[in-house]
Every structure is written in C-alpha cells, then in structure tokens.
>>> print(open('model19.json').read())   # JSON, N, CA and C atoms
[["chain", "number", "residue", "atom", "x", "y", "z"],
["J", 1, "MET", "N", 71.86, 119.39, 72.83],
["J", 1, "MET", "CA", 70.96, 120.32, 73.46],
["J", 1, "MET", "C", 71.71, 121.46, 74.13],
["J", 2, "PHE", "N", 72.88, 121.17, 74.65],
["J", 2, "PHE", "CA", 73.68, 122.21, 75.29],
["J", 2, "PHE", "C", 73.99, 123.33, 74.31],
["J", 3, "TRP", "N", 74.31, 123.00, 73.09],
["J", 3, "TRP", "CA", 74.66, 124.02, 72.11],
["J", 3, "TRP", "C", 73.46, 124.87, 71.73],
["J", 4, "LEU", "N", 72.26, 124.29, 71.73],
["J", 4, "LEU", "CA", 71.07, 125.08, 71.44],
["J", 4, "LEU", "C", 70.83, 126.10, 72.55],
["J", 5, "LEU", "N", 70.98, 125.67, 73.77],
["J", 5, "LEU", "CA", 70.81, 126.56, 74.90],
["J", 5, "LEU", "C", 71.88, 127.64, 74.90],
["J", 6, "LEU", "N", 73.09, 127.25, 74.64],
["J", 6, "LEU", "CA", 74.21, 128.18, 74.60],
["J", 6, "LEU", "C", 74.01, 129.23, 73.52],
["J", 7, "GLY", "N", 73.51, 128.83, 72.39],
["J", 7, "GLY", "CA", 73.30, 129.76, 71.29],
["J", 7, "GLY", "C", 72.18, 130.75, 71.55],
["J", 8, "ALA", "N", 71.26, 130.43, 72.46],
["J", 8, "ALA", "CA", 70.14, 131.30, 72.74],
["J", 8, "ALA", "C", 70.44, 132.32, 73.83],
["J", 9, "CYS", "N", 71.60, 132.27, 74.43],
["J", 9, "CYS", "CA", 71.93, 133.13, 75.56],
["J", 9, "CYS", "C", 72.79, 134.31, 75.14],
["J", 10, "SER", "N", 72.64, 135.38, 75.88],
["J", 10, "SER", "CA", 73.47, 136.56, 75.69],
["J", 10, "SER", "C", 74.64, 136.49, 76.64],
["J", 11, "PHE", "N", 75.83, 136.80, 76.17],
["J", 11, "PHE", "CA", 77.01, 136.78, 77.01],
["J", 11, "PHE", "C", 77.52, 138.19, 77.29],
["J", 12, "ALA", "N", 76.65, 139.16, 77.23],
["J", 12, "ALA", "CA", 77.04, 140.54, 77.53],
["J", 12, "ALA", "C", 77.18, 140.72, 79.03],
["J", 13, "SER", "N", 78.02, 141.65, 79.43],
["J", 13, "SER", "CA", 78.10, 142.00, 80.84],
["J", 13, "SER", "C", 78.07, 143.52, 80.92],
["J", 14, "PRO", "N", 77.77, 144.11, 81.98],
["J", 14, "PRO", "CA", 77.61, 143.64, 83.34],
["J", 14, "PRO", "C", 76.22, 143.08, 83.60],
["J", 15, "PRO", "N", 75.94, 142.64, 84.85],
["J", 15, "PRO", "CA", 74.67, 142.02, 85.18],
["J", 15, "PRO", "C", 73.45, 142.86, 84.82],
["J", 16, "GLU", "N", 73.55, 144.18, 84.83],
["J", 16, "GLU", "CA", 72.40, 145.02, 84.55],
["J", 16, "GLU", "C", 71.92, 144.88, 83.10],
["J", 17, "THR", "N", 72.72, 144.32, 82.23],
["J", 17, "THR", "CA", 72.34, 144.23, 80.82],
["J", 17, "THR", "C", 71.88, 142.83, 80.42],
["J", 18, "GLY", "N", 71.52, 141.99, 81.38],
["J", 18, "GLY", "CA", 71.05, 140.66, 81.05],
["J", 18, "GLY", "C", 72.16, 139.64, 80.96],
["J", 19, "PHE", "N", 73.14, 139.74, 81.78],
["J", 19, "PHE", "CA", 74.31, 138.85, 81.79],
["J", 19, "PHE", "C", 73.90, 137.40, 82.02],
["J", 20, "VAL", "N", 74.42, 136.52, 81.20],
["J", 20, "VAL", "CA", 74.20, 135.09, 81.38],
["J", 20, "VAL", "C", 75.55, 134.42, 81.36],
["J", 21, "ALA", "N", 75.84, 133.63, 82.37],
["J", 21, "ALA", "CA", 77.14, 132.97, 82.45],
["J", 21, "ALA", "C", 76.96, 131.47, 82.57],
["J", 22, "PHE", "N", 77.89, 130.75, 81.98],
["J", 22, "PHE", "CA", 77.92, 129.30, 82.11],
["J", 22, "PHE", "C", 79.25, 128.92, 82.72],
["J", 23, "ASP", "N", 79.23, 128.03, 83.65],
["J", 23, "ASP", "CA", 80.46, 127.47, 84.21],
["J", 23, "ASP", "C", 80.34, 125.97, 83.97],
["J", 24, "THR", "N", 80.94, 125.50, 82.91],
["J", 24, "THR", "CA", 80.78, 124.10, 82.54],
["J", 24, "THR", "C", 81.44, 123.15, 83.53],
["J", 25, "GLY", "N", 82.39, 123.65, 84.34],
["J", 25, "GLY", "CA", 83.04, 122.79, 85.33],
["J", 25, "GLY", "C", 82.11, 122.42, 86.46],
["J", 26, "SER", "N", 81.24, 123.35, 86.88],
["J", 26, "SER", "CA", 80.32, 123.06, 87.99],
["J", 26, "SER", "C", 78.87, 123.08, 87.53],
["J", 27, "PHE", "N", 78.64, 123.22, 86.24],
["J", 27, "PHE", "CA", 77.31, 123.26, 85.66],
["J", 27, "PHE", "C", 76.46, 124.37, 86.28],
["J", 28, "CYS", "N", 77.05, 125.54, 86.40],
["J", 28, "CYS", "CA", 76.36, 126.69, 86.97],
["J", 28, "CYS", "C", 75.74, 127.52, 85.86],
["J", 29, "PHE", "N", 74.46, 127.78, 85.97],
["J", 29, "PHE", "CA", 73.75, 128.64, 85.03],
["J", 29, "PHE", "C", 73.35, 129.89, 85.79],
["J", 30, "ASP", "N", 73.75, 131.04, 85.29],
["J", 30, "ASP", "CA", 73.55, 132.28, 86.01],
["J", 30, "ASP", "C", 72.92, 133.32, 85.11],
["J", 31, "THR", "N", 71.80, 133.89, 85.53],
["J", 31, "THR", "CA", 71.12, 134.91, 84.74],
["J", 31, "THR", "C", 71.56, 136.30, 85.10],
["J", 32, "GLY", "N", 72.39, 136.47, 86.13],
["J", 32, "GLY", "CA", 72.82, 137.78, 86.57],
["J", 32, "GLY", "C", 71.88, 138.43, 87.55],
["J", 33, "GLU", "N", 70.70, 137.85, 87.74],
["J", 33, "GLU", "CA", 69.73, 138.39, 88.69],
["J", 33, "GLU", "C", 69.94, 137.82, 90.08],
["J", 34, "ASP", "N", 70.70, 136.76, 90.20],
["J", 34, "ASP", "CA", 70.95, 136.11, 91.48],
["J", 34, "ASP", "C", 72.36, 136.49, 91.94],
["J", 35, "LEU", "N", 72.46, 137.66, 92.57],
["J", 35, "LEU", "CA", 73.76, 138.19, 92.98],
["J", 35, "LEU", "C", 74.13, 137.75, 94.39],
["J", 36, "ARG", "N", 75.42, 137.75, 94.66],
["J", 36, "ARG", "CA", 75.96, 137.50, 95.99],
["J", 36, "ARG", "C", 76.83, 138.70, 96.35],
["J", 37, "TYR", "N", 76.89, 139.01, 97.66],
["J", 37, "TYR", "CA", 77.56, 140.21, 98.12],
["J", 37, "TYR", "C", 78.68, 139.87, 99.09],
["J", 38, "ALA", "N", 79.80, 140.58, 98.99],
["J", 38, "ALA", "CA", 80.95, 140.35, 99.86],
["J", 38, "ALA", "C", 80.55, 140.63, 101.30],
["J", 39, "ASP", "N", 80.86, 139.70, 102.19],
["J", 39, "ASP", "CA", 80.55, 139.84, 103.62],
["J", 39, "ASP", "C", 81.85, 139.69, 104.40],
["J", 40, "VAL", "N", 82.61, 140.76, 104.47],
["J", 40, "VAL", "CA", 83.93, 140.75, 105.10],
["J", 40, "VAL", "C", 83.84, 140.50, 106.60],
["J", 41, "ASP", "N", 82.84, 141.10, 107.26],
["J", 41, "ASP", "CA", 82.75, 140.98, 108.72],
["J", 41, "ASP", "C", 81.98, 139.75, 109.19],
["J", 42, "GLY", "N", 81.40, 138.99, 108.28],
["J", 42, "GLY", "CA", 80.75, 137.73, 108.63],
["J", 42, "GLY", "C", 79.43, 137.85, 109.36],
["J", 43, "ASP", "N", 78.74, 139.00, 109.23],
["J", 43, "ASP", "CA", 77.47, 139.18, 109.93],
["J", 43, "ASP", "C", 76.25, 138.70, 109.13],
["J", 44, "GLY", "N", 76.47, 138.17, 107.95],
["J", 44, "GLY", "CA", 75.36, 137.66, 107.14],
["J", 44, "GLY", "C", 74.79, 138.67, 106.17],
["J", 45, "TYR", "N", 75.28, 139.92, 106.22],
["J", 45, "TYR", "CA", 74.85, 140.98, 105.31],
["J", 45, "TYR", "C", 76.06, 141.43, 104.51],
["J", 46, "GLY", "N", 75.87, 141.60, 103.21],
["J", 46, "GLY", "CA", 76.98, 141.96, 102.34],
["J", 46, "GLY", "C", 76.97, 143.39, 101.90],
["J", 47, "ASP", "N", 78.09, 143.80, 101.37],
["J", 47, "ASP", "CA", 78.28, 145.14, 100.85],
["J", 47, "ASP", "C", 77.58, 145.25, 99.49],
["J", 48, "PRO", "N", 76.57, 146.14, 99.37],
["J", 48, "PRO", "CA", 75.84, 146.23, 98.10],
["J", 48, "PRO", "C", 76.71, 146.70, 96.93],
["J", 49, "ASP", "N", 77.86, 147.29, 97.23],
["J", 49, "ASP", "CA", 78.76, 147.76, 96.17],
["J", 49, "ASP", "C", 79.79, 146.71, 95.78],
["J", 50, "ALA", "N", 79.73, 145.54, 96.39],
["J", 50, "ALA", "CA", 80.70, 144.47, 96.09],
["J", 50, "ALA", "C", 79.93, 143.20, 95.73],
["J", 51, "ALA", "N", 79.29, 143.21, 94.58],
["J", 51, "ALA", "CA", 78.44, 142.09, 94.16],
["J", 51, "ALA", "C", 79.07, 141.31, 93.01],
["J", 52, "LEU", "N", 78.83, 140.01, 93.03],
["J", 52, "LEU", "CA", 79.21, 139.12, 91.94],
["J", 52, "LEU", "C", 78.02, 138.22, 91.63],
["J", 53, "THR", "N", 78.00, 137.70, 90.41],
["J", 53, "THR", "CA", 76.95, 136.74, 90.09],
["J", 53, "THR", "C", 77.21, 135.45, 90.86],
["J", 54, "ARG", "N", 76.17, 134.70, 91.06],
["J", 54, "ARG", "CA", 76.22, 133.47, 91.86],
["J", 54, "ARG", "C", 77.32, 132.53, 91.40],
["J", 55, "CYS", "N", 77.51, 132.39, 90.12],
["J", 55, "CYS", "CA", 78.52, 131.45, 89.61],
["J", 55, "CYS", "C", 79.95, 131.92, 89.90],
["J", 56, "ASP", "N", 80.14, 133.24, 89.97],
["J", 56, "ASP", "CA", 81.48, 133.78, 90.17],
["J", 56, "ASP", "C", 81.84, 134.02, 91.63],
["J", 57, "ALA", "N", 80.84, 134.06, 92.51],
["J", 57, "ALA", "CA", 81.07, 134.45, 93.90],
["J", 57, "ALA", "C", 81.68, 133.32, 94.73],
["J", 58, "PRO", "N", 82.68, 133.65, 95.55],
["J", 58, "PRO", "CA", 83.21, 132.65, 96.48],
["J", 58, "PRO", "C", 82.19, 132.35, 97.58],
["J", 59, "GLU", "N", 82.42, 131.30, 98.34],
["J", 59, "GLU", "CA", 81.47, 130.89, 99.38],
["J", 59, "GLU", "C", 81.28, 131.93, 100.46],
["J", 60, "SER", "N", 82.22, 132.83, 100.65],
["J", 60, "SER", "CA", 82.10, 133.86, 101.68],
["J", 60, "SER", "C", 81.10, 134.95, 101.31],
["J", 61, "PHE", "N", 80.64, 134.98, 100.08],
["J", 61, "PHE", "CA", 79.65, 135.96, 99.66],
["J", 61, "PHE", "C", 78.26, 135.49, 100.08],
["J", 62, "VAL", "N", 77.36, 136.43, 100.37],
["J", 62, "VAL", "CA", 76.03, 136.13, 100.90],
["J", 62, "VAL", "C", 74.93, 136.66, 99.99],
["J", 63, "LYS", "N", 73.71, 136.16, 100.18],
["J", 63, "LYS", "CA", 72.56, 136.58, 99.37],
["J", 63, "LYS", "C", 72.03, 137.95, 99.74],
["J", 64, "ARG", "N", 72.18, 138.34, 101.03],
["J", 64, "ARG", "CA", 71.59, 139.60, 101.50],
["J", 64, "ARG", "C", 72.58, 140.75, 101.42],
["J", 65, "ALA", "N", 72.15, 141.84, 100.80],
["J", 65, "ALA", "CA", 72.94, 143.07, 100.77],
["J", 65, "ALA", "C", 72.45, 143.97, 101.90],
["J", 66, "GLY", "N", 72.99, 145.15, 101.99],
["J", 66, "GLY", "CA", 72.49, 146.14, 102.93],
["J", 66, "GLY", "C", 73.42, 146.47, 104.07],
["J", 67, "ASP", "N", 74.60, 145.89, 104.11],
["J", 67, "ASP", "CA", 75.55, 146.19, 105.18],
["J", 67, "ASP", "C", 76.12, 147.59, 104.96],
["J", 68, "CYS", "N", 75.95, 148.48, 105.94],
["J", 68, "CYS", "CA", 76.44, 149.85, 105.79],
["J", 68, "CYS", "C", 77.89, 150.00, 106.26],
["J", 69, "ASN", "N", 78.42, 149.01, 106.96],
["J", 69, "ASN", "CA", 79.82, 149.04, 107.38],
["J", 69, "ASN", "C", 80.29, 147.59, 107.47],
["J", 70, "ASP", "N", 80.87, 147.09, 106.40],
["J", 70, "ASP", "CA", 81.25, 145.68, 106.33],
["J", 70, "ASP", "C", 82.54, 145.38, 107.10],
["J", 71, "ALA", "N", 83.05, 146.36, 107.83],
["J", 71, "ALA", "CA", 84.20, 146.12, 108.70],
["J", 71, "ALA", "C", 83.76, 145.87, 110.13],
["J", 72, "ARG", "N", 82.46, 146.11, 110.42],
["J", 72, "ARG", "CA", 81.93, 145.92, 111.78],
["J", 72, "ARG", "C", 80.72, 144.99, 111.74],
["J", 73, "ALA", "N", 80.84, 143.83, 112.37],
["J", 73, "ALA", "CA", 79.75, 142.85, 112.39],
["J", 73, "ALA", "C", 78.56, 143.35, 113.20],
["J", 74, "ASP", "N", 78.78, 144.29, 114.13],
["J", 74, "ASP", "CA", 77.67, 144.80, 114.94],
["J", 74, "ASP", "C", 76.85, 145.87, 114.24],
["J", 75, "MET", "N", 77.26, 146.26, 113.03],
["J", 75, "MET", "CA", 76.50, 147.22, 112.23],
["J", 75, "MET", "C", 75.94, 146.51, 111.01],
["J", 76, "ASN", "N", 74.62, 146.28, 111.00],
["J", 76, "ASN", "CA", 73.94, 145.63, 109.89],
["J", 76, "ASN", "C", 72.44, 145.89, 110.01],
["J", 77, "PRO", "N", 71.65, 145.59, 109.00],
["J", 77, "PRO", "CA", 70.22, 145.89, 109.05],
["J", 77, "PRO", "C", 69.45, 145.23, 110.20],
["J", 78, "ALA", "N", 69.96, 144.18, 110.80],
["J", 78, "ALA", "CA", 69.26, 143.51, 111.90],
["J", 78, "ALA", "C", 69.76, 143.95, 113.27],
["J", 79, "ALA", "N", 70.73, 144.85, 113.32],
["J", 79, "ALA", "CA", 71.33, 145.26, 114.59],
["J", 79, "ALA", "C", 70.42, 146.21, 115.37],
["J", 80, "PRO", "N", 70.43, 146.12, 116.69],
["J", 80, "PRO", "CA", 69.70, 147.11, 117.48],
["J", 80, "PRO", "C", 70.40, 148.47, 117.34],
["J", 81, "ASP", "N", 69.61, 149.55, 117.39],
["J", 81, "ASP", "CA", 70.17, 150.88, 117.21],
["J", 81, "ASP", "C", 69.77, 151.75, 118.39],
["J", 82, "ALA", "N", 70.72, 152.03, 119.28],
["J", 82, "ALA", "CA", 70.46, 152.88, 120.45],
["J", 82, "ALA", "C", 70.22, 154.31, 119.99],
["J", 83, "CYS", "N", 69.29, 154.96, 120.63],
["J", 83, "CYS", "CA", 68.95, 156.33, 120.24],
["J", 83, "CYS", "C", 69.98, 157.33, 120.76],
["J", 84, "GLY", "N", 70.19, 158.37, 119.98],
["J", 84, "GLY", "CA", 70.98, 159.51, 120.40],
["J", 84, "GLY", "C", 72.48, 159.34, 120.47],
["J", 85, "ASP", "N", 73.01, 158.21, 120.01],
["J", 85, "ASP", "CA", 74.46, 158.04, 120.10],
["J", 85, "ASP", "C", 75.18, 158.52, 118.83],
["J", 86, "GLY", "N", 74.42, 158.93, 117.82],
["J", 86, "GLY", "CA", 75.01, 159.44, 116.59],
["J", 86, "GLY", "C", 75.53, 158.38, 115.66],
["J", 87, "VAL", "N", 75.27, 157.11, 115.96],
["J", 87, "VAL", "CA", 75.77, 156.01, 115.13],
["J", 87, "VAL", "C", 74.57, 155.24, 114.55],
["J", 88, "ASP", "N", 74.57, 155.05, 113.25],
["J", 88, "ASP", "CA", 73.51, 154.31, 112.57],
["J", 88, "ASP", "C", 73.86, 152.82, 112.57],
["J", 89, "MET", "N", 73.49, 152.11, 113.62],
["J", 89, "MET", "CA", 73.85, 150.71, 113.77],
["J", 89, "MET", "C", 73.04, 149.78, 112.87],
["J", 90, "ASP", "N", 71.77, 150.14, 112.55],
["J", 90, "ASP", "CA", 70.91, 149.25, 111.77],
["J", 90, "ASP", "C", 70.84, 149.61, 110.29],
["J", 91, "CYS", "N", 71.73, 150.47, 109.85],
["J", 91, "CYS", "CA", 71.89, 150.78, 108.42],
["J", 91, "CYS", "C", 70.64, 151.36, 107.75],
["J", 92, "ASP", "N", 69.80, 152.04, 108.51],
["J", 92, "ASP", "CA", 68.60, 152.62, 107.89],
["J", 92, "ASP", "C", 68.81, 154.07, 107.46],
["J", 93, "GLY", "N", 70.03, 154.59, 107.64],
["J", 93, "GLY", "CA", 70.36, 155.93, 107.19],
["J", 93, "GLY", "C", 70.23, 157.00, 108.26],
["J", 94, "SER", "N", 69.81, 156.62, 109.48],
["J", 94, "SER", "CA", 69.69, 157.62, 110.54],
["J", 94, "SER", "C", 69.80, 156.95, 111.91],
["J", 95, "ASP", "N", 70.10, 157.78, 112.89],
["J", 95, "ASP", "CA", 70.14, 157.34, 114.29],
["J", 95, "ASP", "C", 68.80, 157.71, 114.91],
["J", 96, "PRO", "N", 68.13, 156.78, 115.61],
["J", 96, "PRO", "CA", 66.83, 157.12, 116.17],
["J", 96, "PRO", "C", 66.91, 158.23, 117.23],
["J", 97, "THR", "N", 65.88, 159.03, 117.27],
["J", 97, "THR", "CA", 65.79, 160.10, 118.26],
["J", 97, "THR", "C", 65.28, 159.54, 119.57],
["J", 98, "CYS", "N", 65.89, 159.94, 120.66],
["J", 98, "CYS", "CA", 65.45, 159.50, 121.98],
["J", 98, "CYS", "C", 64.15, 160.23, 122.35],
["J", 99, "ARG", "N", 63.25, 159.52, 123.00],
["J", 99, "ARG", "CA", 61.96, 160.13, 123.41],
["J", 99, "ARG", "C", 61.89, 160.23, 124.90]]
>>> encode(input="model19.json", output="structure tokens")
Amino acid sequence: MFWLLLGACSFASPPETGFVAFDTGSFCFDTGEDLRYADVDGDGYGDPDAALTRCDAPESFVKRAGDCNDARADMNPAAPDACGDGVDMDCDGSDPTCR
C-alpha cells in the first residue's frame, strides 16, 4: 500500500507547487500546506520569510508567522503598541496615533 500512495504523490518543490514529502524514518507525511516558521527570539511568532514544511522543520520552528522583527521578542503581533513612539511593536505596519 505504501508504494501505491507513493506513486500517487508529486515530489515537486517548492511548497507553492504542491510539494509532498515523505520522511520514512519518522513516518511524516507533508503536503506543503502545513508550514513552520523560524522563531529566533522565542516569542511564539515566526519569520514569514523563513518557512519550512512540517517534516523538515526543527522543533524551534512555530506554526504562527507574522513576526516583524525576529530578533526582538517584545515585537510580535500580540505585543502592545504605544502610540507616537515611532516603533511598530505589534507588526501591523504602523505606529498608532496618540489621541
């Protein structure tokens, strides 16, 4: 049965083209749609430009992307963002205006 399944899969890469990977050592089946993102600062949000498929990603990679500065744990999509300081702490692309 393994060979039938293997024969029906595409082994093209990168993930955008329907990448399917098999890791027979850990029995990992990966469709390329389940990506993991490098999280250097350990804040739980990964760098969207540093993605690997689930089977290839080390344990330090996370499911959530969106970190705008992976060198600073205090800058991520869940971070509070003080107004008027000129720093985009919550990664939404802008600093809030003070009212």
>>> residues_around(input="model19.json", residues="segment 48-64 of chain J", least_positions_apart="4", cutoff="5 Å", atoms="all atoms listed in the file", output="PyMOL selection string")
chain J and resi 34-39
>>> atom_distance(input="model19.json", atom1="atom N of Ala79 of chain J", atom2="atom CA of Tyr45 of chain J")
9.8 Å
>>> atom_distance(input="model19.json", atom1="atom N of Cys91 of chain J", atom2="atom N of Cys68 of chain J")
6.1 Å
>>> atom_distance(input="model19.json", atom1="atom CA of Ser94 of chain J", atom2="atom CA of Asp41 of chain J")
21.2 Å
>>> residues_around(input="model19.json", residues="Asp43 of chain J", least_positions_apart="2", cutoff="9 Å", atoms="only C-alpha atoms", output="list in words")
Asp39, Val40, Asp41, Tyr45, Gly46, Asp67, Asp70, Arg72, Ala73, Asp74, Met75 and Asn76 of chain J
